[in-house]
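Engineer: Handing you this structure, nothing more for now.
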Amino acid sequence: MCPTVLDIGCGVGWHPIQYASLHPDEEVIAVEHGKTRFEKMCRRLDRHPQLKNIIPIQMDAHRYVADQLKNKSLTKIFFLYPNPYAKPKLAKKRWHNQLFMKKLVLSLLPGGEIVLATNEAFYAEEFREKLKALGMQLVSDRVLPLDHAPRTHFEKKYLERGERCFEHLYRKREPTDATFPT
């Protein structure tokens, strides 16, 4: 079984195509809900026929996670520049405040990782607290340098504008760790 990676809200597919090209021995599940963005991703994939390791899925990520993901089936999950729903009254819409986050953590193999990238400091901090409560360990917390090779169109735009882009890497603790929630 090859390692399986999930890219949630992958937009037009820039990141999953780059990632799949660099990691040909990994399977990349690229989930995008929006029809227009999904169609753009598929057209972009058509220009990369050598990539056999991407599975494009047009579906609401919540439904995909609930209906399709099995526990201990993923090695990595990407959340790259999710909508921050910055107004306080919209906080319940943020990914880390969704019930499916526990299912995502359960879908990771021991040692599996979650990558968050955002240009919103408050979002990065909230995400950190929620994932800590779910038993994930923060192993890397950095601000991307302005000359960082962008992975998404949003990252490119933010870096070109000189904005701070935060990247967190979380790792699932081994199941022997008594603090991991079951």
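Residue numbers start at 1 in each chain; chains themselves are named A, B, ... in the order of the structure tokens; ligands are numbered from 1 in the order shown.
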Residues at most 6 Å from Tyr170 in chain A, counting only C-alpha atoms, excluding those fewer than 2 positions away in the same chain, as a list in words?
Structural biologist: Glu113, Ile114, Met136, Gln137, Leu138 and Val139 of chain A
Engineer: Among range 46-182 of chain A, which ones does DSSP assign to helix (DSSP H, G or I) (computed from the backbone)? Answer as a PyMOL selection string.
Structural biologist: chain A and resi 46+61-68+88-93+95-97+100-107+121-133+153-160
Engineer: Which residue out of A:Ala20, A:Leu169, A:Val12, A:Val5 has the minimum interatomic distance to Thr36 in chain A when only C-alpha atoms are used?
Structural biologist: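 Of A:Ala20, A:Leu169, A:Val12, A:Val5, the one nearest Thr36 in chain A, counting only C-alpha atoms, is A:Val12.
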Engineer: CA of Lys35 in chain A and CA of Pro16 in chain A, how far apart in Å?
Structural biologist: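 A separation of 16.9 Å between them.
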Engineer: Between CA of His48 in chain A and CA of Gln18 in chain A, what distance in Å does the model show, to one decimal?
Structural biologist: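 Rounded to one decimal, the two atoms are 10.4 Å apart.
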Engineer: Based on DSSP run over this structure's backbone, return all residues of chain A in strand (DSSP E), as an MDAnalysis selection string.
Structural biologist: chainID A and resid 4:8 27:32 54:58 74:80 108:118 136:143 166:172
Engineer: Between CA of Leu109 in chain A and CA of Ile17 in chain A, what is the distance in Å, rounded to a tenth?
Structural biologist: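 Here the two named atoms are 23.0 Å from each other.
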Engineer: If you count only C-alpha atoms, which residues fall within 12 Å of Met101 in chain A, apart from same-chain ones fewer than 3 positions away, as a PyMOL selection string?
Structural biologist: chain A and resi 8+61-62+65-66+77+79+94-98+104-108+114+127+130-136
Engineer: Given only C-alpha atoms as the basis, pick out the residue of A:Pro88, A:Phe166, A:Pro24, A:Lys103 nearest to Glu125 in chain A.
Structural biologist: A:Phe166
Engineer: Determine, counting only C-alpha atoms, which protein, DNA and RNA residues have an atom within 9 Å of an atom of Asn53 in chain A; residues of the same chain fewer than 4 positions away are not included. Present the result as a PyMOL selection string.
Structural biologist: chain A and resi 20-21+23-29
Engineer: Next, write the just-selected residues to a file, as a compact mmCIF listing (two decimals), in the first residue's frame, keeping N, CA, C and O atoms as the atom set.
Structural biologist:
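Final file, part-v6.txt:
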```
# COMPACT_ATOMS: atom_id res chain seq x y z
N ALA A 20 2.33 15.69 -6.37
CA ALA A 20 2.32 14.37 -7.02
C ALA A 20 3.52 14.19 -7.93
O ALA A 20 4.08 13.10 -8.03
N SER A 21 3.94 15.26 -8.59
CA SER A 21 5.13 15.20 -9.45
C SER A 21 6.39 14.91 -8.65
O SER A 21 7.26 14.15 -9.09
N HIS A 23 6.44 13.46 -5.66
CA HIS A 23 6.27 12.26 -4.83
C HIS A 23 5.51 11.19 -5.61
O HIS A 23 4.36 10.86 -5.27
N PRO A 24 6.13 10.63 -6.65
CA PRO A 24 5.42 9.68 -7.52
C PRO A 24 5.01 8.38 -6.83
O PRO A 24 4.13 7.68 -7.33
N ASP A 25 5.60 8.09 -5.69
CA ASP A 25 5.24 6.86 -4.97
C ASP A 25 4.13 7.07 -3.95
O ASP A 25 3.82 6.17 -3.17
N GLU A 26 3.55 8.27 -3.93
CA GLU A 26 2.45 8.57 -3.03
C GLU A 26 1.18 8.82 -3.84
O GLU A 26 1.23 9.36 -4.94
N GLU A 27 0.05 8.43 -3.28
CA GLU A 27 -1.25 8.69 -3.89
C GLU A 27 -1.77 10.00 -3.32
O GLU A 27 -1.75 10.19 -2.10
N VAL A 28 -2.23 10.89 -4.18
CA VAL A 28 -2.72 12.20 -3.76
C VAL A 28 -4.21 12.30 -4.06
O VAL A 28 -4.61 12.23 -5.23
N ILE A 29 -5.00 12.45 -3.02
CA ILE A 29 -6.44 12.66 -3.18
C ILE A 29 -6.66 14.17 -3.10
O ILE A 29 -6.38 14.80 -2.08
```
Engineer: Show me, as a list in words, the residues that have an atom within 9 Å of Ile57 in chain A when counting only C-alpha atoms, minus same-chain residues fewer than 5 positions from it.
Structural biologist: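 The neighbour list is Ile29, Ala30, Val31, Glu32, His33, Phe38 and Tyr64 of chain A.
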Engineer: Skipping near chain neighbours, those fewer than 6 positions away, what residues fall within 8 Å of range 162-164 of chain A using only C-alpha atoms, listed as JSON, numbers by chain?
Structural biologist: {"A": [119, 143, 144, 146]}
Engineer: Could those selected residues go to a file with N, CA, C and O atoms, as a tab-separated table (two decimals), in the first residue's frame?
Structural biologist:
```tsv
chain	number	residue	atom	x	y	z
A	119	ASN	N	-2.28	32.95	6.00
A	119	ASN	CA	-1.70	34.28	6.18
A	119	ASN	C	-2.38	35.01	7.35
A	119	ASN	O	-2.16	36.19	7.54
A	143	VAL	N	7.35	31.04	9.81
A	143	VAL	CA	6.87	32.04	8.86
A	143	VAL	C	7.68	31.81	7.59
A	143	VAL	O	8.92	31.74	7.64
A	144	LEU	N	6.98	31.65	6.48
A	144	LEU	CA	7.67	31.38	5.22
A	144	LEU	C	8.48	32.59	4.78
A	144	LEU	O	8.01	33.73	4.88
A	146	LEU	N	9.94	35.28	2.17
A	146	LEU	CA	9.27	35.87	1.01
A	146	LEU	C	9.70	35.25	-0.31
A	146	LEU	O	8.97	35.31	-1.29
```
Engineer: Counting only C-alpha atoms, which of A:Glu120, A:Glu174, A:Glu129, A:Asp147 gets nearest to Glu160 in chain A?
Structural biologist: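 Among the listed residues, A:Asp147 lies closest to Glu160 in chain A.
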Engineer: Between A:Leu80, A:Ile54, A:Leu74, A:Gln68, which is the closest to His153 in chain A once you count only C-alpha atoms?
Structural biologist: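 Smallest separation from His153 in chain A among the options: A:Leu80.
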Engineer: Using only C-alpha atoms, which residue out of A:His148, A:Arg173, A:His15, A:Lys157 lies closest to Leu45 in chain A?
Structural biologist: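 Closest to Leu45 in chain A, using only C-alpha atoms: A:His15.
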